[in-house]
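Working notes, beginning with the structure itself.
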Amino acid sequence: MKTILLVEDEFGIAGVLTVLLEDEGYRVLSAANGRQALARLAEARPDLVVTDFMMPLLDGAALGEALRADPAFKDIPIIMMSAVPEDAIRARFAGYTAFLRKPFPIPAFFDLIARTLKG
Amino acid sequence: MTEETEDQYRMELDRVPTGIAGLDTVLRGGLLKGGVYIVQGVPGAGKTILANQTCFNHVAAGGRAAYVTLLAESHTRMIQHLRPMAFFDESVIPERLYYVSAFKTLEDEGLKGLLDLLRREMRGHRAGLMVLDGLVAAEESAASDREFKKFVHEVQMHAALNGCTVLLLTSGGPGPVRAEHTMVDGLIELDDRVFEVRTERSLQVRKFRGSGSLRGRHPFRITTDGLVVYPRIEAVFATPSVPDAATADRIATGVDGLDALIGGGLIEATTSALVGPTGVGKTTFGLHFLAKSSAAEPGLLFGFYETPARLRLKAAQLGMDLEGLEKSGTLEILWQAQTENVLDELAHRMRDAVRRRGVRRLFVDGLGGFIESAVHPERMSRFFSVLSNEMRALGVTAIYTLETRDILGPTLQVPVNGVSSLVESMFVLRYVEVQARTRRLLSVAKIRDSGFDPALHEFEITDQGVRIVGPFAGYEGMLSGYARTPGAPVPPVPPGGGRARGDA
């Protein structure tokens, strides 16, 4: 079973995505911001990080930089999600594996996750 | 809203303008830097748009802002809703305007965690403006009133120390004063009320520490430009925006033969009422007045009834070239459909048009259009008085038409109380029945500070427009609507004083 670390500050979105991912057979670790996400990495090494960009305390860019700087996690693929265009995100952090503009259809979300996990 | 009006109220205090048209006038320049303000309103009143618009305007002026929600509503959805708004600028997100949700933090860590988050976001994003959307959720999570008040107090401390202005959005209508209201620097209340079948949005600054504000309720609209606030005319122009430079100079009415009856024309920068029933010729009088517009005396027709195309055609048929005057820039026609207008919006639109072109000749056709827009008809007398004072101070000679209820008869019923005392000049146009024929009568009812010919004059409308024929002679009782020869028996007055509109 693949493990996904889902980092999302919006409670409603995080809840729905968690349920849907679990229905698809993934194990989901949840965090409401980048700081919580880094803490959860100590529990288990995820196969994929799916993260929002704008979050309190530690945003998606800072989380991504922390992951890429840590030898233990630098190879984990990252899907960055945001309601703002990719250009604005890339200007802050370009080290993600794939980008998903919110709002998105759920099939596209699952498809991107499957493709990213396949590498 | 003109820039001068906004600037007029800017004071020495360090302000954070909302950038919202009209609101900064109400706030006399904007919010105070480092202040904490509650924005309260019923669901759908416009709180979220007000807050977002203020954020985008703050960022457009070079600042940075953070928008923190405690609601289940997603930022994605909020941004989608904002996208059609003129103030929305995606390029400033996330670098200078940052959206985060603190819902989970509040759930997991309570008010202490929320306060920590706000403090870090304020400093981390170097925000000069912060919005906390959903204060009610924070209140509900507080173990006691004391804990909630402590939270609000600590937000104030951080806001003041960081020089960050904070808007706390919460739902609720007008009601009793709450503890947090007494603590914050200001309270802005948004309302959306139903008046019979229509609604009107309005806002009221119930508290504004450290500065004056325009008291009372002020209507606003939500448009694709965001909120547009129309400061209530009686409040914003309680004192005219410029000193009144009174003059005894005259300005021509443009009506053949009329100036001779009133001492050489209307006194400049005064207000006149043209009272009469439908179809008697009020608009034609006004067209003559505007046909005299020139570069030195620009004209404005502010109308509700006939469209610009129909007015141009009507004028052309009477030998007046309105279209040419428009093309040369000496005349502007502003027409508004008689739909659900906002009274103060109309007044600001008219005043802005006057200021924009330095209008000297104003013809309003008619006052009934304003009256129809009023959700509080009891305002009309004060409203018209203040608007007239402002027009006078701006050097505008204005003629307003005022339609009477009855076509023919002994009484004159006008829809504004005390209109006579509000204007310097009043002209009454009437139909009169003379030997089974309807003829038109002009009586000069009043010219303040000037003599005038008190005779009742006949006028006619020819293919050259209005022409004063001369005094009626050989009849009496004409003001009853039914002329008779001297000594003839007085006819009985019809029930209701005359024939109702549409009976003629």
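Letters A, B, ... mark the chains of the structure tokens in the order given; residue numbers begin at 1 per chain; ligand numbers begin at 1, in order shown.
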
Chain A residues near chain B (10 Å cut-off, only C-alpha atoms) as an mmCIF file with N, CA and C atoms, in the first residue's frame:
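So out28.cif came out as:
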```cif
data_model
loop_
_atom_site.group_PDB
_atom_site.id
_atom_site.type_symbol
_atom_site.label_atom_id
_atom_site.label_comp_id
_atom_site.auth_asym_id
_atom_site.auth_seq_id
_atom_site.Cartn_x
_atom_site.Cartn_y
_atom_site.Cartn_z
ATOM 1 N N GLU A 8 -2.525 20.082 3.686
ATOM 2 C CA GLU A 8 -3.589 21.000 3.240
ATOM 3 C C GLU A 8 -4.167 21.710 4.460
ATOM 4 N N ASP A 9 -4.177 23.069 4.411
ATOM 5 C CA ASP A 9 -4.691 23.812 5.576
ATOM 6 C C ASP A 9 -6.213 23.905 5.584
ATOM 7 N N GLU A 10 -6.812 23.764 4.424
ATOM 8 C CA GLU A 10 -8.276 23.891 4.373
ATOM 9 C C GLU A 10 -8.903 22.572 4.781
ATOM 10 N N PHE A 11 -9.544 22.613 5.935
ATOM 11 C CA PHE A 11 -10.031 21.415 6.591
ATOM 12 C C PHE A 11 -10.987 20.619 5.707
ATOM 13 N N GLY A 12 -11.881 21.337 5.044
ATOM 14 C CA GLY A 12 -12.881 20.653 4.215
ATOM 15 C C GLY A 12 -12.238 19.899 3.076
ATOM 16 N N ILE A 13 -11.307 20.549 2.388
ATOM 17 C CA ILE A 13 -10.631 19.900 1.246
ATOM 18 C C ILE A 13 -9.805 18.719 1.740
ATOM 19 N N ALA A 31 -1.598 16.537 7.285
ATOM 20 C CA ALA A 31 -0.984 17.655 8.023
ATOM 21 C C ALA A 31 -1.656 18.940 7.540
ATOM 22 N N ALA A 32 -1.801 19.907 8.453
ATOM 23 C CA ALA A 32 -2.525 21.150 8.113
ATOM 24 C C ALA A 32 -1.582 22.257 7.673
ATOM 25 N N ASN A 33 -0.281 22.009 7.768
ATOM 26 C CA ASN A 33 0.690 23.007 7.289
ATOM 27 C C ASN A 33 2.052 22.342 7.161
ATOM 28 N N PHE A 53 -0.001 25.058 -1.533
ATOM 29 C CA PHE A 53 1.096 26.027 -1.498
ATOM 30 C C PHE A 53 0.911 27.026 -0.351
ATOM 31 N N MET A 54 -0.251 27.711 -0.357
ATOM 32 C CA MET A 54 -0.460 28.738 0.676
ATOM 33 C C MET A 54 -0.986 28.080 1.944
ATOM 34 N N MET A 55 -0.155 28.078 2.976
ATOM 35 C CA MET A 55 -0.542 27.493 4.256
ATOM 36 C C MET A 55 0.087 28.323 5.370
ATOM 37 N N PRO A 56 -0.486 28.277 6.551
ATOM 38 C CA PRO A 56 0.100 29.040 7.652
ATOM 39 C C PRO A 56 1.374 28.386 8.180
ATOM 40 N N LEU A 57 2.160 29.162 8.876
ATOM 41 C CA LEU A 57 3.365 28.730 9.611
ATOM 42 C C LEU A 57 4.506 28.281 8.696
ATOM 43 N N LEU A 58 4.257 27.321 7.816
ATOM 44 C CA LEU A 58 5.283 26.891 6.861
ATOM 45 C C LEU A 58 4.552 26.554 5.566
ATOM 46 N N ASP A 59 4.862 27.263 4.501
ATOM 47 C CA ASP A 59 4.094 27.058 3.267
ATOM 48 C C ASP A 59 4.675 25.930 2.412
ATOM 49 N N SER A 82 -2.352 24.469 -6.027
ATOM 50 C CA SER A 82 -2.635 25.863 -5.680
ATOM 51 C C SER A 82 -3.769 26.422 -6.533
ATOM 52 N N ALA A 83 -4.445 27.412 -5.980
ATOM 53 C CA ALA A 83 -5.502 28.103 -6.732
ATOM 54 C C ALA A 83 -4.912 29.172 -7.636
ATOM 55 N N VAL A 84 -3.634 29.484 -7.451
ATOM 56 C CA VAL A 84 -3.009 30.522 -8.276
ATOM 57 C C VAL A 84 -2.172 29.868 -9.369
ATOM 58 N N PRO A 85 -1.885 30.588 -10.442
ATOM 59 C CA PRO A 85 -1.198 29.976 -11.586
ATOM 60 C C PRO A 85 0.190 29.439 -11.227
ATOM 61 N N ASP A 87 3.018 29.731 -12.642
ATOM 62 C CA ASP A 87 4.155 30.660 -12.751
ATOM 63 C C ASP A 87 4.483 31.299 -11.409
ATOM 64 N N ALA A 88 3.411 31.697 -10.684
ATOM 65 C CA ALA A 88 3.616 32.357 -9.397
ATOM 66 C C ALA A 88 4.241 31.405 -8.388
ATOM 67 N N ILE A 89 3.876 30.130 -8.495
ATOM 68 C CA ILE A 89 4.409 29.127 -7.563
ATOM 69 C C ILE A 89 5.859 28.814 -7.920
ATOM 70 N N ALA A 91 7.979 30.604 -9.274
ATOM 71 C CA ALA A 91 8.889 31.701 -8.908
ATOM 72 C C ALA A 91 9.412 31.537 -7.482
ATOM 73 N N ARG A 92 8.631 30.875 -6.639
ATOM 74 C CA ARG A 92 9.056 30.674 -5.251
ATOM 75 C C ARG A 92 9.776 29.346 -5.059
ATOM 76 N N ARG A 101 -3.545 22.685 -10.609
ATOM 77 C CA ARG A 101 -4.254 23.955 -10.334
ATOM 78 C C ARG A 101 -5.620 23.662 -9.736
ATOM 79 N N LYS A 102 -5.911 24.291 -8.626
ATOM 80 C CA LYS A 102 -7.237 24.175 -8.006
ATOM 81 C C LYS A 102 -8.202 25.148 -8.692
ATOM 82 N N PRO A 103 -9.461 24.825 -8.806
ATOM 83 C CA PRO A 103 -10.068 23.528 -8.475
ATOM 84 C C PRO A 103 -9.794 22.517 -9.583
#
```

Run DSSP on the backbone and give me the residues of chain A it puts in alpha helix (DSSP H), as a PDB file with C-alpha atoms, in the first residue's frame.
```
ATOM      1  CA  PHE A  11     -10.031  21.415   6.591  1.00  0.00           C
ATOM      2  CA  GLY A  12     -12.881  20.653   4.215  1.00  0.00           C
ATOM      3  CA  ILE A  13     -10.631  19.900   1.246  1.00  0.00           C
ATOM      4  CA  ALA A  14      -8.234  17.848   3.371  1.00  0.00           C
ATOM      5  CA  GLY A  15     -11.087  15.752   4.745  1.00  0.00           C
ATOM      6  CA  VAL A  16     -12.636  14.986   1.363  1.00  0.00           C
ATOM      7  CA  LEU A  17      -9.307  14.185  -0.321  1.00  0.00           C
ATOM      8  CA  THR A  18      -8.311  11.902   2.550  1.00  0.00           C
ATOM      9  CA  VAL A  19     -11.504   9.869   2.281  1.00  0.00           C
ATOM     10  CA  LEU A  20     -11.252   9.607  -1.501  1.00  0.00           C
ATOM     11  CA  LEU A  21      -7.598   8.591  -1.419  1.00  0.00           C
ATOM     12  CA  GLU A  22      -8.304   5.949   1.222  1.00  0.00           C
ATOM     13  CA  ASP A  23     -11.160   4.637  -0.940  1.00  0.00           C
ATOM     14  CA  GLY A  34       4.321  22.507   6.392  1.00  0.00           C
ATOM     15  CA  ARG A  35       5.469  22.405   9.961  1.00  0.00           C
ATOM     16  CA  GLN A  36       3.064  19.589  10.842  1.00  0.00           C
ATOM     17  CA  ALA A  37       4.110  17.796   7.675  1.00  0.00           C
ATOM     18  CA  LEU A  38       7.778  17.788   8.677  1.00  0.00           C
ATOM     19  CA  ALA A  39       6.770  16.378  12.058  1.00  0.00           C
ATOM     20  CA  ARG A  40       4.820  13.573  10.401  1.00  0.00           C
ATOM     21  CA  GLY A  60       4.438  24.594   0.389  1.00  0.00           C
ATOM     22  CA  ALA A  61       7.617  26.241  -0.871  1.00  0.00           C
ATOM     23  CA  ALA A  62       9.357  25.995   2.502  1.00  0.00           C
ATOM     24  CA  LEU A  63       8.199  22.406   2.911  1.00  0.00           C
ATOM     25  CA  GLY A  64       9.486  21.508  -0.548  1.00  0.00           C
ATOM     26  CA  GLU A  65      12.845  23.122   0.119  1.00  0.00           C
ATOM     27  CA  ALA A  66      13.142  21.265   3.428  1.00  0.00           C
ATOM     28  CA  LEU A  67      12.387  17.939   1.727  1.00  0.00           C
ATOM     29  CA  ARG A  68      14.836  18.522  -1.119  1.00  0.00           C
ATOM     30  CA  ALA A  69      17.541  19.521   1.373  1.00  0.00           C
ATOM     31  CA  GLU A  86       1.875  27.778 -11.733  1.00  0.00           C
ATOM     32  CA  ASP A  87       4.155  30.660 -12.751  1.00  0.00           C
ATOM     33  CA  ALA A  88       3.616  32.357  -9.397  1.00  0.00           C
ATOM     34  CA  ILE A  89       4.409  29.127  -7.563  1.00  0.00           C
ATOM     35  CA  ARG A  90       7.428  28.265  -9.678  1.00  0.00           C
ATOM     36  CA  ILE A 106     -11.098  14.249  -8.986  1.00  0.00           C
ATOM     37  CA  PRO A 107     -10.275  11.852 -11.886  1.00  0.00           C
ATOM     38  CA  ALA A 108      -7.465  14.206 -12.931  1.00  0.00           C
ATOM     39  CA  PHE A 109      -6.203  14.216  -9.354  1.00  0.00           C
ATOM     40  CA  PHE A 110      -6.106  10.406  -9.171  1.00  0.00           C
ATOM     41  CA  ASP A 111      -4.576  10.163 -12.602  1.00  0.00           C
ATOM     42  CA  LEU A 112      -1.763  12.566 -11.669  1.00  0.00           C
ATOM     43  CA  ILE A 113      -1.101  10.676  -8.435  1.00  0.00           C
ATOM     44  CA  ALA A 114      -0.919   7.353 -10.240  1.00  0.00           C
ATOM     45  CA  ARG A 115       1.425   8.708 -12.916  1.00  0.00           C
ATOM     46  CA  THR A 116       3.657  10.440 -10.378  1.00  0.00           C
ATOM     47  CA  LEU A 117       3.975   7.310  -8.242  1.00  0.00           C
ATOM     48  CA  LYS A 118       4.911   5.298 -11.326  1.00  0.00           C
TER      49      LYS A 118
END
```

Long-range neighbours of Lys2 of chain A as a list in words, 7 Å cut-off, only C-alpha atoms, 6 positions minimum in chain: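 Residues near the query, excluding close chain neighbours: Tyr26, Arg27 and Asp47 of chain A.
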
Of the candidates A:Leu48, A:Ala72, A:Ala94, A:Met80, which one gets nearest to Gly119 of chain A if we count only C-alpha atoms?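 So, comparing all the options, the nearest one is A:Leu48.
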
Using only C-alpha atoms for the distances, tell me which of A:Ala98, A:Val50, A:Leu41, A:Met1 is nearest to Phe73 of chain A.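 For Phe73 of chain A, the nearest of the candidates is A:Leu41.
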
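Going from atom CA of Arg146 of chain B over to atom CA of Leu106 of chain B, you cover 17.3 Å.
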
Apply DSSP to the structure's backbone, then extract all residues of segment 43-75 of chain A labelled strand (DSSP E) and return them as a VMD selection string. chain A and resid 48 to 52

Proximity of segment 49-125 of chain B to segment 24-44 of chain B: per-residue shortest pair, 10 Å limit, only C-alpha atoms, as JSON lines:
```
{"residue": "B:Ile49", "atom": "CA", "partner": "B:Gly44", "partner_atom": "CA", "distance": 9.6}
{"residue": "B:Leu50", "atom": "CA", "partner": "B:Val39", "partner_atom": "CA", "distance": 8.9}
{"residue": "B:Ala51", "atom": "CA", "partner": "B:Val39", "partner_atom": "CA", "distance": 8.5}
```

If you count only C-alpha atoms, which residues fall within 12 Å of Thr165 of chain B, apart from same-chain ones fewer than 6 positions away, as a ChimeraX atom specification? /B:14-18,30-38,51,54-55,58,63-67,122,126-132,155-159,184-186

Could you take the residues named above and write them with N, CA and C atoms, as a compact mmCIF listing (two decimals), in the first residue's frame?
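Listing of part-v5.txt after writing:
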```
# COMPACT_ATOMS: atom_id res chain seq x y z
N ASP B 14 -2.04 58.39 10.69
CA ASP B 14 -1.53 57.47 9.70
C ASP B 14 -2.67 56.55 9.27
N ARG B 15 -3.08 56.66 8.03
CA ARG B 15 -4.26 55.95 7.56
C ARG B 15 -3.90 54.78 6.66
N VAL B 16 -4.77 53.81 6.67
CA VAL B 16 -4.71 52.72 5.69
C VAL B 16 -6.01 52.81 4.90
N PRO B 17 -5.97 53.46 3.74
CA PRO B 17 -7.21 53.60 2.97
C PRO B 17 -7.75 52.23 2.55
N THR B 18 -9.06 52.12 2.54
CA THR B 18 -9.65 50.87 2.02
C THR B 18 -9.58 50.87 0.50
N GLY B 30 -9.85 56.73 5.76
CA GLY B 30 -9.48 55.31 5.81
C GLY B 30 -9.37 54.80 7.23
N LEU B 31 -8.96 53.54 7.34
CA LEU B 31 -8.75 52.91 8.65
C LEU B 31 -7.47 53.47 9.26
N LEU B 32 -7.30 53.28 10.54
CA LEU B 32 -6.07 53.75 11.17
C LEU B 32 -5.05 52.62 11.19
N LYS B 33 -3.80 52.97 10.91
CA LYS B 33 -2.73 51.98 10.88
C LYS B 33 -2.59 51.31 12.25
N GLY B 34 -2.55 49.99 12.24
CA GLY B 34 -2.40 49.25 13.50
C GLY B 34 -3.70 49.11 14.28
N GLY B 35 -4.80 49.57 13.71
CA GLY B 35 -6.10 49.45 14.39
C GLY B 35 -6.75 48.11 14.11
N VAL B 36 -7.66 47.72 15.00
CA VAL B 36 -8.42 46.48 14.81
C VAL B 36 -9.89 46.83 14.68
N TYR B 37 -10.51 46.36 13.60
CA TYR B 37 -11.89 46.73 13.27
C TYR B 37 -12.75 45.49 13.07
N ILE B 38 -13.93 45.53 13.64
CA ILE B 38 -14.89 44.46 13.37
C ILE B 38 -15.76 44.89 12.20
N ALA B 51 -13.61 42.98 2.51
CA ALA B 51 -12.29 42.67 3.05
C ALA B 51 -11.30 42.35 1.94
N THR B 54 -10.36 45.49 0.02
CA THR B 54 -9.41 46.29 0.79
C THR B 54 -8.01 45.69 0.69
N CYS B 55 -7.93 44.35 0.74
CA CYS B 55 -6.62 43.69 0.62
C CYS B 55 -5.98 43.98 -0.74
N HIS B 58 -4.92 47.53 -1.00
CA HIS B 58 -3.74 47.77 -0.16
C HIS B 58 -2.48 47.28 -0.88
N GLY B 63 1.41 47.75 -0.55
CA GLY B 63 1.45 47.04 0.73
C GLY B 63 1.43 45.53 0.56
N ARG B 64 1.35 44.86 1.70
CA ARG B 64 1.26 43.41 1.72
C ARG B 64 0.12 43.04 2.66
N ALA B 65 -0.55 41.94 2.35
CA ALA B 65 -1.72 41.58 3.15
C ALA B 65 -1.82 40.08 3.31
N ALA B 66 -2.47 39.67 4.38
CA ALA B 66 -2.73 38.24 4.62
C ALA B 66 -4.20 38.07 4.95
N TYR B 67 -4.79 37.04 4.38
CA TYR B 67 -6.22 36.77 4.57
C TYR B 67 -6.34 35.39 5.23
N MET B 122 1.44 37.52 10.42
CA MET B 122 1.57 38.98 10.36
C MET B 122 3.03 39.37 10.13
N ARG B 126 5.08 40.16 6.53
CA ARG B 126 5.24 41.63 6.69
C ARG B 126 3.95 42.32 6.25
N ALA B 127 2.85 41.82 6.79
CA ALA B 127 1.54 42.31 6.36
C ALA B 127 1.21 43.64 7.02
N GLY B 128 0.78 44.58 6.19
CA GLY B 128 0.27 45.85 6.72
C GLY B 128 -1.22 45.77 6.94
N LEU B 129 -1.81 44.70 6.42
CA LEU B 129 -3.25 44.50 6.56
C LEU B 129 -3.49 43.01 6.71
N MET B 130 -4.31 42.67 7.70
CA MET B 130 -4.66 41.26 7.90
C MET B 130 -6.17 41.14 8.08
N VAL B 131 -6.73 40.12 7.47
CA VAL B 131 -8.17 39.84 7.64
C VAL B 131 -8.30 38.51 8.36
N LEU B 132 -9.16 38.49 9.38
CA LEU B 132 -9.53 37.23 10.01
C LEU B 132 -11.02 37.04 9.73
N VAL B 155 -4.79 40.25 20.04
CA VAL B 155 -4.73 40.58 18.61
C VAL B 155 -4.45 42.08 18.47
N GLN B 156 -5.10 42.88 19.28
CA GLN B 156 -4.89 44.34 19.24
C GLN B 156 -3.44 44.69 19.53
N MET B 157 -2.87 44.00 20.54
CA MET B 157 -1.48 44.29 20.90
C MET B 157 -0.54 43.99 19.73
N HIS B 158 -0.74 42.84 19.12
CA HIS B 158 0.13 42.46 18.00
C HIS B 158 -0.08 43.40 16.81
N ALA B 159 -1.32 43.77 16.57
CA ALA B 159 -1.61 44.68 15.45
C ALA B 159 -0.91 46.01 15.66
N VAL B 184 -12.51 46.87 20.40
CA VAL B 184 -11.83 47.15 19.12
C VAL B 184 -11.86 48.65 18.80
N ASP B 185 -11.10 49.01 17.77
CA ASP B 185 -10.99 50.44 17.41
C ASP B 185 -12.16 50.92 16.57
N GLY B 186 -12.86 49.99 15.96
CA GLY B 186 -13.99 50.43 15.14
C GLY B 186 -14.93 49.29 14.82
```

Could you give me, as a list in words, the residues within 10 Å of Leu394 of chain B, counting only C-alpha atoms and dropping anything in the same chain fewer than 5 positions from it?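 In the requested format, the answer is Pro240, Ser241, Val242, Pro243, Asp244, Ala245, Ala269, Arg351, Val354, Arg355, Gly358, Val359, Arg360, Ser388 and Asn389 of chain B.
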
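Rounded to one decimal, atom CA of Pro219 of chain B and atom CA of Ala238 of chain B lie 16.8 Å from each other.
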